[in-house]
$ cat coords15.txt   # compact mmCIF, C-alpha atoms
# COMPACT_ATOMS: atom_id res chain seq x y z
CA MET A 108 12.45 -19.53 -26.74
CA HIS A 109 11.78 -20.60 -23.21
CA ALA A 110 12.65 -18.45 -20.27
CA THR A 111 13.72 -20.36 -17.20
CA ARG A 112 11.71 -20.06 -14.04
CA ARG A 113 14.51 -18.03 -12.47
CA GLU A 114 14.56 -15.54 -15.35
CA LEU A 115 10.80 -15.18 -15.28
CA LEU A 116 10.78 -14.45 -11.58
CA ALA A 117 13.60 -11.95 -11.90
CA GLY A 118 11.77 -10.23 -14.75
CA ALA A 119 8.54 -10.07 -12.77
CA GLY A 120 10.41 -8.64 -9.82
CA ALA A 121 12.05 -5.97 -11.93
CA LEU A 122 8.73 -5.04 -13.51
CA CYS A 123 7.06 -4.76 -10.14
CA GLY A 124 9.92 -2.66 -8.85
CA ALA A 125 9.68 -0.35 -11.84
CA THR A 126 5.92 0.18 -11.46
CA CYS A 127 6.25 0.75 -7.73
CA LEU A 128 8.88 3.37 -8.41
CA ALA A 129 6.74 5.01 -11.06
CA LEU A 130 3.75 5.12 -8.74
CA ARG A 131 5.58 6.82 -5.94
CA PRO A 132 5.05 10.55 -5.83
CA SER A 133 7.96 12.69 -6.86
CA GLN A 134 10.19 13.46 -3.94
CA ALA A 135 12.61 16.25 -3.40
CA THR A 136 16.15 14.95 -3.12
CA PRO A 137 19.31 16.57 -1.84
CA ASP A 138 19.79 17.60 -5.49
CA THR A 139 16.48 19.42 -5.79
CA LEU A 140 17.15 21.00 -2.41
CA ARG A 141 20.50 22.21 -3.68
CA ALA A 142 18.88 23.52 -6.87
CA ALA A 143 16.20 25.36 -4.91
CA ILE A 144 18.81 26.97 -2.68
CA LYS A 145 20.93 27.90 -5.68
CA LYS A 146 17.91 29.65 -7.21
CA VAL A 147 17.78 31.96 -4.20
CA VAL A 148 21.45 32.33 -3.46
CA GLY A 149 22.93 32.28 -6.94
CA ASN A 150 26.69 31.98 -6.83
CA ALA A 151 27.09 33.91 -3.59
CA GLU A 152 28.87 32.25 -0.71
CA VAL A 153 26.69 31.01 2.12
CA GLY A 154 28.07 31.35 5.62
CA LYS A 155 27.15 29.11 8.49
CA GLY A 156 25.42 30.52 11.55
CA LYS A 157 23.60 33.73 12.55
CA ILE A 158 20.33 31.79 12.47
CA SER A 159 18.74 29.88 15.29
CA MET A 160 16.01 27.42 14.37
CA ASP A 161 13.56 26.29 16.97
CA ILE A 162 11.96 23.06 15.77
CA PRO A 163 11.33 19.85 17.68
CA ALA A 164 13.96 17.20 16.93
CA LEU A 165 11.38 14.43 17.26
CA VAL A 166 8.01 15.14 15.69
CA GLU A 167 4.99 12.93 16.24
CA ASN A 168 2.74 14.49 13.60
CA GLY A 169 4.40 15.71 10.41
CA ASN A 170 1.29 17.63 9.42
CA VAL A 171 1.89 20.33 12.00
CA VAL A 172 5.48 21.02 12.93
CA PRO A 173 6.03 24.30 14.77
CA LEU A 174 9.04 26.17 13.42
CA SER A 175 10.54 29.37 14.72
CA ILE A 176 13.42 31.18 13.03
CA ALA A 177 15.45 33.92 14.66
CA VAL A 178 18.22 35.71 12.80
CA ASP A 179 20.92 37.57 14.66
CA SER A 180 20.73 41.11 13.29
CA PRO A 181 20.42 44.62 14.74
CA MET A 182 17.60 45.34 12.22
CA THR A 183 18.67 48.94 11.55
CA PRO A 184 18.20 50.63 8.15
CA ALA A 185 21.90 50.01 7.49
CA ASN A 186 22.01 46.39 8.56
CA TYR A 187 18.92 44.23 8.45
CA VAL A 188 17.62 40.88 7.30
CA LYS A 189 16.11 41.16 3.84
CA ALA A 190 14.68 37.69 3.50
CA ILE A 191 14.40 34.31 5.15
CA HIS A 192 13.88 31.19 3.07
CA ILE A 193 12.98 27.80 4.46
CA PHE A 194 13.64 24.59 2.52
CA ASN A 195 13.11 20.92 3.15
CA GLU A 196 14.97 17.90 1.86
CA LYS A 197 12.38 15.20 1.22
CA ASN A 198 8.89 16.64 0.77
CA PRO A 199 7.50 16.38 -2.79
CA GLN A 200 8.88 19.85 -3.45
CA PRO A 201 11.71 21.64 -1.70
CA ASN A 202 10.30 25.09 -0.84
CA VAL A 203 8.48 25.72 2.42
CA ILE A 204 8.12 29.47 2.83
CA ASP A 205 9.88 32.60 1.56
CA ILE A 206 9.68 35.62 3.84
CA LYS A 207 10.60 39.22 3.12
CA LEU A 208 11.42 41.51 6.01
CA GLY A 209 12.54 45.11 6.31
CA PRO A 210 14.33 47.26 8.88
CA ARG A 211 10.94 48.11 10.39
CA ALA A 212 10.56 44.56 11.67
CA GLY A 213 12.65 45.46 14.70
CA LYS A 214 13.39 41.81 15.32
CA ALA A 215 14.06 39.13 12.74
CA VAL A 216 11.95 36.46 14.36
CA VAL A 217 9.27 34.52 12.49
CA THR A 218 7.14 31.58 13.56
CA THR A 219 4.95 29.28 11.48
CA ARG A 220 3.85 25.67 11.21
CA ILE A 221 5.07 23.39 8.47
CA ARG A 222 4.53 19.91 7.02
CA LEU A 223 7.20 17.24 6.83
CA SER A 224 6.57 14.10 4.81
CA THR A 225 9.31 12.08 6.48
CA ALA A 226 12.34 12.36 8.74
CA GLN A 227 14.58 14.86 7.02
CA LYS A 228 16.66 18.00 7.11
CA VAL A 229 15.11 21.47 7.28
CA VAL A 230 17.29 24.30 5.98
CA ALA A 231 16.94 28.03 6.62
CA ILE A 232 18.75 30.66 4.55
CA ALA A 233 18.87 34.32 5.58
CA GLU A 234 19.70 37.11 3.17
CA MET A 235 21.16 40.23 4.75
CA SER A 236 20.91 43.80 3.47
CA ASP A 237 24.61 43.73 2.62
CA GLY A 238 24.00 40.85 0.23
CA SER A 239 25.53 38.11 2.38
CA PHE A 240 23.78 34.78 2.94
CA TRP A 241 23.73 32.66 6.07
CA SER A 242 22.35 29.21 6.59
CA GLU A 243 21.42 26.77 9.30
CA SER A 244 19.96 23.28 9.11
CA VAL A 245 18.30 20.93 11.55
CA ASP A 246 17.57 17.21 11.28
CA VAL A 247 14.05 16.30 12.28
CA ILE A 248 12.68 12.82 12.92
CA VAL A 249 9.03 12.38 11.99
CA THR A 250 7.03 9.40 13.24
CA LEU A 251 3.67 10.14 11.56
CA ALA A 252 4.31 11.60 8.12
CA ALA A 253 2.32 14.31 6.40
CA CYS A 254 0.67 13.91 2.98
CA LEU A 255 1.04 10.15 2.71
CA GLU A 256 -2.63 9.16 2.61
CA GLY A 257 -2.46 8.16 -1.05
CA THR A 258 0.73 6.13 -0.83
CA LEU A 259 0.44 4.27 2.46
CA GLY A 260 -0.64 1.07 0.71
CA GLU A 261 2.48 0.83 -1.41
CA THR A 262 5.03 1.61 1.21
CA GLN A 263 3.81 -1.03 3.61
CA MET B 53 -15.24 32.16 3.57
CA ALA B 54 -12.18 31.73 5.61
CA ARG B 55 -12.14 33.74 8.78
CA PRO B 56 -8.78 35.13 9.82
CA LEU B 57 -7.71 35.69 13.39
CA ILE B 58 -5.29 38.50 14.07
CA ASN B 59 -3.59 39.44 17.31
CA VAL B 60 -2.13 42.94 17.36
CA PRO B 61 -1.60 44.84 20.63
CA ARG B 62 -4.20 47.60 20.88
CA LYS B 63 -1.74 50.08 22.34
CA ALA B 64 2.01 50.40 22.09
CA LYS B 65 4.72 52.90 22.90
CA ARG B 66 6.45 54.61 20.00
CA GLY B 67 9.43 52.57 18.89
CA GLU B 68 8.31 49.47 20.74
CA VAL B 69 8.81 46.17 18.93
CA ILE B 70 5.46 44.39 18.87
CA GLU B 71 4.53 40.86 17.96
CA ILE B 72 1.77 40.19 15.44
CA LYS B 73 0.10 36.81 15.25
CA THR B 74 -2.10 35.71 12.36
CA LEU B 75 -4.11 32.59 11.70
CA ILE B 76 -6.47 31.83 8.83
CA SER B 77 -8.58 28.77 8.21
CA HIS B 78 -7.58 27.17 4.93
CA ILE B 79 -7.21 23.55 3.81
CA MET B 80 -3.80 24.08 2.10
CA GLU B 81 -4.42 21.09 -0.20
CA THR B 82 -1.00 20.10 -1.53
CA GLY B 83 -1.98 18.68 -4.91
CA PHE B 84 0.05 15.56 -4.15
CA ARG B 85 -2.66 13.61 -2.37
CA THR B 86 -5.02 11.17 -4.07
CA ASN B 87 -8.68 10.64 -3.25
CA GLN B 88 -10.40 7.28 -2.78
CA MET B 89 -10.71 6.90 -6.56
CA GLY B 90 -6.96 7.29 -6.98
CA ALA B 91 -7.27 10.67 -8.69
CA LEU B 92 -5.05 13.55 -7.62
CA VAL B 93 -6.78 16.18 -5.54
CA PRO B 94 -6.00 19.51 -7.23
CA ARG B 95 -3.77 21.97 -5.42
CA ASP B 96 -5.54 24.62 -3.37
CA ILE B 97 -3.19 26.68 -1.23
CA ILE B 98 -2.62 30.23 -0.09
CA THR B 99 0.37 31.47 -2.05
CA LEU B 100 0.93 34.94 -0.63
CA PHE B 101 0.46 36.72 2.66
CA THR B 102 1.29 40.39 3.11
CA CYS B 103 0.98 42.94 5.88
CA GLU B 104 0.87 46.69 5.31
CA TYR B 105 1.28 49.27 8.05
CA ASP B 106 0.97 52.99 7.31
CA GLY B 107 0.65 52.09 3.63
CA GLU B 108 4.05 50.43 3.63
CA GLU B 109 4.58 46.71 3.26
CA ILE B 110 6.28 45.46 6.41
CA PHE B 111 5.99 41.72 5.89
CA ARG B 112 5.55 39.40 2.93
CA ALA B 113 5.54 35.63 2.84
CA GLU B 114 5.27 33.33 -0.15
CA LEU B 115 3.75 30.08 1.00
CA HIS B 116 4.22 26.65 -0.55
CA GLN B 117 2.57 23.29 -0.06
CA ALA B 118 4.78 22.51 2.91
CA VAL B 119 2.99 25.05 5.09
CA SER B 120 0.46 23.36 7.37
CA ALA B 121 -3.28 23.70 6.94
CA ASN B 122 -4.68 26.83 8.60
CA PRO B 123 -1.48 28.85 8.12
CA PHE B 124 -0.26 30.40 11.35
CA ILE B 125 2.35 33.12 10.97
CA THR B 126 3.81 35.41 13.59
CA PHE B 127 6.29 38.20 13.09
CA PHE B 128 7.46 41.46 14.64
CA THR B 129 7.29 45.11 13.70
CA THR B 130 8.20 48.45 15.23
CA ALA B 131 5.25 50.57 16.35
CA THR B 132 5.73 53.87 14.51
CA ASN B 133 2.38 55.61 14.21
CA SER B 134 -1.22 55.08 15.18
CA GLY B 135 -3.03 53.61 12.24
CA THR B 136 -4.31 50.48 10.64
CA MET B 137 -2.55 47.38 9.53
CA THR B 138 -3.91 45.60 6.47
CA PHE B 139 -3.44 41.87 6.19
CA LYS B 140 -3.99 40.12 2.86
CA TRP B 141 -4.04 36.46 1.96
CA THR B 142 -4.27 35.40 -1.68
CA GLY B 143 -4.10 31.99 -3.26
CA ASP B 144 -5.44 29.38 -5.67
CA ASN B 145 -9.02 29.47 -6.93
CA ASN B 146 -9.17 33.26 -6.55
CA PHE B 147 -8.80 33.03 -2.81
CA ALA B 148 -8.52 36.53 -1.39
CA VAL B 149 -9.14 37.69 2.15
CA THR B 150 -8.35 41.09 3.60
CA GLU B 151 -8.51 42.01 7.26
CA THR B 152 -7.49 45.12 9.13
CA ALA B 153 -6.46 45.84 12.70
CA SER B 154 -5.89 49.22 14.29
CA ILE B 155 -3.20 50.20 16.73
CA THR B 156 -2.77 53.26 18.93
CA VAL B 157 0.80 54.42 19.40
CA GLU B 158 1.57 56.80 22.24
$ encode --input "coords15.txt" --output "structure tokens"
Amino acid sequence: MHATRRELLAGAGALCGATCLALRPSQATPDTLRAAIKKVVGNAEVGKGKISMDIPALVENGNVVPLSIAVDSPMTPANYVKAIHIFNEKNPQPNVIDIKLGPRAGKAVVTTRIRLSTAQKVVAIAEMSDGSFWSESVDVIVTLAACLEGTLGETQ
Amino acid sequence: MARPLINVPRKAKRGEVIEIKTLISHIMETGFRTNQMGALVPRDIITLFTCEYDGEEIFRAELHQAVSANPFITFFTTATNSGTMTFKWTGDNNFAVTETASITVE
């Protein structure tokens, strides 16, 4: 049985594509992001707002992206922010940081520095003491990606 | 060993909301990178950071690979009593660092 030149080329192309795909590191997808959020939120309804995210819209270096989260809350023993969760869409895994606060915080403001492997969405979820959840998301463009040293050769 | 840097105001008025800044030197190796031989570099990150004030936990953060090297975290707390704050970082490969800072509340 002789394969034609066209078939051979197509086969080689498919094979190459398959190996390239297999070699790429696992990447979080909107699905894994949704799953990670569901793990925190459960079946509760997530409202939009109450959170302000301070993150540059255009990032030159994905290794160090300053991120500041402020949640609108009086922070009294009766009404405070219990937790803040940060997620990303396209890093190899979806979690960034999970923070627990209490009424003693006085102010629900947290700052840190995160890594972003590519241009993507960053999502913040806040859990209030009354059990409600609030979310906010920001799209960030990254020009120099984080954690790509091992895969640069393939993507170019 | 990693040396943490902590910024806590030395004095505060009772009930004042104060900002606390922390920085610790740590590689935060993700476990997704490969070395020159193509082998995966094993994960080595700080997984947990906590802050206790007056023996009560006031802040806790679970860190993942997506936190930058040399984790920098700032947060707020209400100055209640003079005392010490205890900061703890723990992570992979038995990483554990504890640092304290004292505050005078008037």
$ residues_around --input "coords15.txt" --residues "Asp237 in chain A" --least-positions-apart "4" --cutoff "9 Å" --atoms "all atoms listed in the file" --output "list in words"
Ala185, Asn186, Tyr187, Val188 and Lys189 of chain A
$ residues_around --input "coords15.txt" --residues "range 79-84 of chain B" --least-positions-apart "2" --cutoff "10 Å" --atoms "only C-alpha atoms" --output "JSON, numbers by chain"
{"A": [132, 133, 199, 200, 254, 255, 256, 257], "B": [54, 76, 77, 86, 91, 92, 93, 94, 95, 96, 97, 98, 99, 115, 116, 117, 118, 119, 120, 121, 122, 123, 143, 144]}
$ residues_around --input "coords15.txt" --residues "Asn195 in chain A" --least-positions-apart "4" --cutoff "8 Å" --atoms "all atoms listed in the file" --output "ChimeraX atom specification"
/A:140,200-203,223,227-230
$ residues_around --input "coords15.txt" --residues "Ala212 in chain A" --least-positions-apart "2" --cutoff "6 Å" --atoms "all atoms listed in the file" --output "count of residues only"
6
$ residues_around --input "coords15.txt" --residues "Ser244 in chain A" --least-positions-apart "5" --cutoff "12 Å" --atoms "only C-alpha atoms" --output "count of residues only"
23
$ atom_distance --input "coords15.txt" --atom1 "CA of Ile110 in chain B" --atom2 "CA of Arg222 in chain A"
25.6 Å
$ closest_residue --input "coords15.txt" --among "B:Lys140, B:Arg62, B:Arg55, B:Lys73" --to "Cys103 in chain B" --atoms "only C-alpha atoms"
B:Lys140
$ decode --input "coords15.txt" --residues "chain B" --atoms "C-alpha atoms" --output "PDB file, in the first residue's frame"
ATOM      1  CA  MET B  53      18.033  31.524  55.116  1.00  0.00           C
ATOM      2  CA  ALA B  54      15.553  33.902  53.750  1.00  0.00           C
ATOM      3  CA  ARG B  55      15.505  37.242  55.463  1.00  0.00           C
ATOM      4  CA  PRO B  56      12.114  38.869  55.838  1.00  0.00           C
ATOM      5  CA  LEU B  57      11.519  42.595  55.855  1.00  0.00           C
ATOM      6  CA  ILE B  58       8.596  43.892  57.860  1.00  0.00           C
ATOM      7  CA  ASN B  59       7.255  47.407  58.093  1.00  0.00           C
ATOM      8  CA  VAL B  60       4.972  48.031  61.066  1.00  0.00           C
ATOM      9  CA  PRO B  61       4.509  51.516  62.534  1.00  0.00           C
ATOM     10  CA  ARG B  62       6.318  51.700  65.861  1.00  0.00           C
ATOM     11  CA  LYS B  63       3.574  53.737  67.497  1.00  0.00           C
ATOM     12  CA  ALA B  64      -0.125  54.035  66.814  1.00  0.00           C
ATOM     13  CA  LYS B  65      -3.222  55.464  68.432  1.00  0.00           C
ATOM     14  CA  ARG B  66      -5.762  53.017  69.802  1.00  0.00           C
ATOM     15  CA  GLY B  67      -8.265  52.125  67.121  1.00  0.00           C
ATOM     16  CA  GLU B  68      -6.108  53.466  64.317  1.00  0.00           C
ATOM     17  CA  VAL B  69      -6.030  51.398  61.128  1.00  0.00           C
ATOM     18  CA  ILE B  70      -2.393  50.700  60.325  1.00  0.00           C
ATOM     19  CA  GLU B  71      -0.749  49.300  57.234  1.00  0.00           C
ATOM     20  CA  ILE B  72       1.651  46.373  57.502  1.00  0.00           C
ATOM     21  CA  LYS B  73       4.079  45.601  54.711  1.00  0.00           C
ATOM     22  CA  THR B  74       5.992  42.339  54.430  1.00  0.00           C
ATOM     23  CA  LEU B  75       8.606  41.090  52.018  1.00  0.00           C
ATOM     24  CA  ILE B  76      10.588  37.863  52.111  1.00  0.00           C
ATOM     25  CA  SER B  77      13.291  36.646  49.778  1.00  0.00           C
ATOM     26  CA  HIS B  78      12.219  33.375  48.179  1.00  0.00           C
ATOM     27  CA  ILE B  79      12.614  31.944  44.675  1.00  0.00           C
ATOM     28  CA  MET B  80       8.956  30.783  44.389  1.00  0.00           C
ATOM     29  CA  GLU B  81       9.941  28.119  41.831  1.00  0.00           C
ATOM     30  CA  THR B  82       6.724  27.167  40.050  1.00  0.00           C
ATOM     31  CA  GLY B  83       7.482  23.553  39.170  1.00  0.00           C
ATOM     32  CA  PHE B  84       6.459  24.250  35.568  1.00  0.00           C
ATOM     33  CA  ARG B  85       9.830  25.432  34.306  1.00  0.00           C
ATOM     34  CA  THR B  86      12.430  23.182  32.711  1.00  0.00           C
ATOM     35  CA  ASN B  87      16.184  23.437  33.128  1.00  0.00           C
ATOM     36  CA  GLN B  88      18.759  23.306  30.322  1.00  0.00           C
ATOM     37  CA  MET B  89      18.552  19.502  30.289  1.00  0.00           C
ATOM     38  CA  GLY B  90      14.809  19.640  29.694  1.00  0.00           C
ATOM     39  CA  ALA B  91      13.973  18.271  33.132  1.00  0.00           C
ATOM     40  CA  LEU B  92      11.288  19.926  35.231  1.00  0.00           C
ATOM     41  CA  VAL B  93      12.594  22.023  38.095  1.00  0.00           C
ATOM     42  CA  PRO B  94      10.729  20.811  41.196  1.00  0.00           C
ATOM     43  CA  ARG B  95       8.263  23.154  42.839  1.00  0.00           C
ATOM     44  CA  ASP B  96       9.604  25.208  45.725  1.00  0.00           C
ATOM     45  CA  ILE B  97       7.182  27.856  46.940  1.00  0.00           C
ATOM     46  CA  ILE B  98       5.912  29.434  50.127  1.00  0.00           C
ATOM     47  CA  THR B  99       2.430  28.043  50.639  1.00  0.00           C
ATOM     48  CA  LEU B 100       1.241  29.876  53.729  1.00  0.00           C
ATOM     49  CA  PHE B 101       1.750  33.246  55.356  1.00  0.00           C
ATOM     50  CA  THR B 102       0.098  34.185  58.628  1.00  0.00           C
ATOM     51  CA  CYS B 103       0.187  37.139  60.982  1.00  0.00           C
ATOM     52  CA  GLU B 104      -0.757  36.957  64.656  1.00  0.00           C
ATOM     53  CA  TYR B 105      -1.370  39.988  66.845  1.00  0.00           C
ATOM     54  CA  ASP B 106      -2.148  39.601  70.554  1.00  0.00           C
ATOM     55  CA  GLY B 107      -2.193  35.846  70.007  1.00  0.00           C
ATOM     56  CA  GLU B 108      -5.012  36.127  67.510  1.00  0.00           C
ATOM     57  CA  GLU B 109      -4.631  35.445  63.814  1.00  0.00           C
ATOM     58  CA  ILE B 110      -5.430  38.648  61.943  1.00  0.00           C
ATOM     59  CA  PHE B 111      -4.285  37.706  58.464  1.00  0.00           C
ATOM     60  CA  ARG B 112      -3.745  34.487  56.546  1.00  0.00           C
ATOM     61  CA  ALA B 113      -2.782  34.000  52.930  1.00  0.00           C
ATOM     62  CA  GLU B 114      -2.417  30.775  50.985  1.00  0.00           C
ATOM     63  CA  LEU B 115       0.048  31.356  48.198  1.00  0.00           C
ATOM     64  CA  HIS B 116       0.224  29.535  44.881  1.00  0.00           C
ATOM     65  CA  GLN B 117       2.743  29.442  42.054  1.00  0.00           C
ATOM     66  CA  ALA B 118       1.298  32.581  40.519  1.00  0.00           C
ATOM     67  CA  VAL B 119       2.701  34.750  43.303  1.00  0.00           C
ATOM     68  CA  SER B 120       5.911  36.476  42.206  1.00  0.00           C
ATOM     69  CA  ALA B 121       9.323  35.584  43.558  1.00  0.00           C
ATOM     70  CA  ASN B 122      10.125  37.354  46.832  1.00  0.00           C
ATOM     71  CA  PRO B 123       6.484  37.531  47.957  1.00  0.00           C
ATOM     72  CA  PHE B 124       5.434  41.038  48.906  1.00  0.00           C
ATOM     73  CA  ILE B 125       2.191  41.313  50.846  1.00  0.00           C
ATOM     74  CA  THR B 126       0.633  44.333  52.480  1.00  0.00           C
ATOM     75  CA  PHE B 127      -2.528  44.470  54.528  1.00  0.00           C
ATOM     76  CA  PHE B 128      -4.226  46.496  57.250  1.00  0.00           C
ATOM     77  CA  THR B 129      -5.144  45.930  60.863  1.00  0.00           C
ATOM     78  CA  THR B 130      -6.618  47.913  63.730  1.00  0.00           C
ATOM     79  CA  ALA B 131      -4.175  48.837  66.482  1.00  0.00           C
ATOM     80  CA  THR B 132      -5.761  47.436  69.645  1.00  0.00           C
ATOM     81  CA  ASN B 133      -3.058  46.866  72.240  1.00  0.00           C
ATOM     82  CA  SER B 134       0.666  47.275  72.634  1.00  0.00           C
ATOM     83  CA  GLY B 135       2.295  43.982  71.895  1.00  0.00           C
ATOM     84  CA  THR B 136       4.062  41.899  69.335  1.00  0.00           C
ATOM     85  CA  MET B 137       3.001  40.721  65.954  1.00  0.00           C
ATOM     86  CA  THR B 138       4.260  37.336  64.812  1.00  0.00           C
ATOM     87  CA  PHE B 139       4.721  36.728  61.114  1.00  0.00           C
ATOM     88  CA  LYS B 140       5.158  33.192  59.805  1.00  0.00           C
ATOM     89  CA  TRP B 141       6.001  31.918  56.354  1.00  0.00           C
ATOM     90  CA  THR B 142       5.911  28.186  55.639  1.00  0.00           C
ATOM     91  CA  GLY B 143       6.374  26.295  52.415  1.00  0.00           C
ATOM     92  CA  ASP B 144       7.926  23.462  50.425  1.00  0.00           C
ATOM     93  CA  ASN B 145      11.123  21.745  51.553  1.00  0.00           C
ATOM     94  CA  ASN B 146      10.352  22.493  55.213  1.00  0.00           C
ATOM     95  CA  PHE B 147      10.662  26.206  54.646  1.00  0.00           C
ATOM     96  CA  ALA B 148       9.719  28.012  57.839  1.00  0.00           C
ATOM     97  CA  VAL B 149      10.583  31.534  58.889  1.00  0.00           C
ATOM     98  CA  THR B 150       9.189  33.433  61.857  1.00  0.00           C
ATOM     99  CA  GLU B 151       9.691  37.104  62.539  1.00  0.00           C
ATOM    100  CA  THR B 152       8.226  39.421  65.136  1.00  0.00           C
ATOM    101  CA  ALA B 153       7.620  43.150  65.320  1.00  0.00           C
ATOM    102  CA  SER B 154       6.468  45.150  68.303  1.00  0.00           C
ATOM    103  CA  ILE B 155       4.044  48.027  68.370  1.00  0.00           C
ATOM    104  CA  THR B 156       3.203  50.573  71.054  1.00  0.00           C
ATOM    105  CA  VAL B 157      -0.427  51.638  71.177  1.00  0.00           C
ATOM    106  CA  GLU B 158      -1.314  54.796  73.069  1.00  0.00           C
TER     107      GLU B 158
END
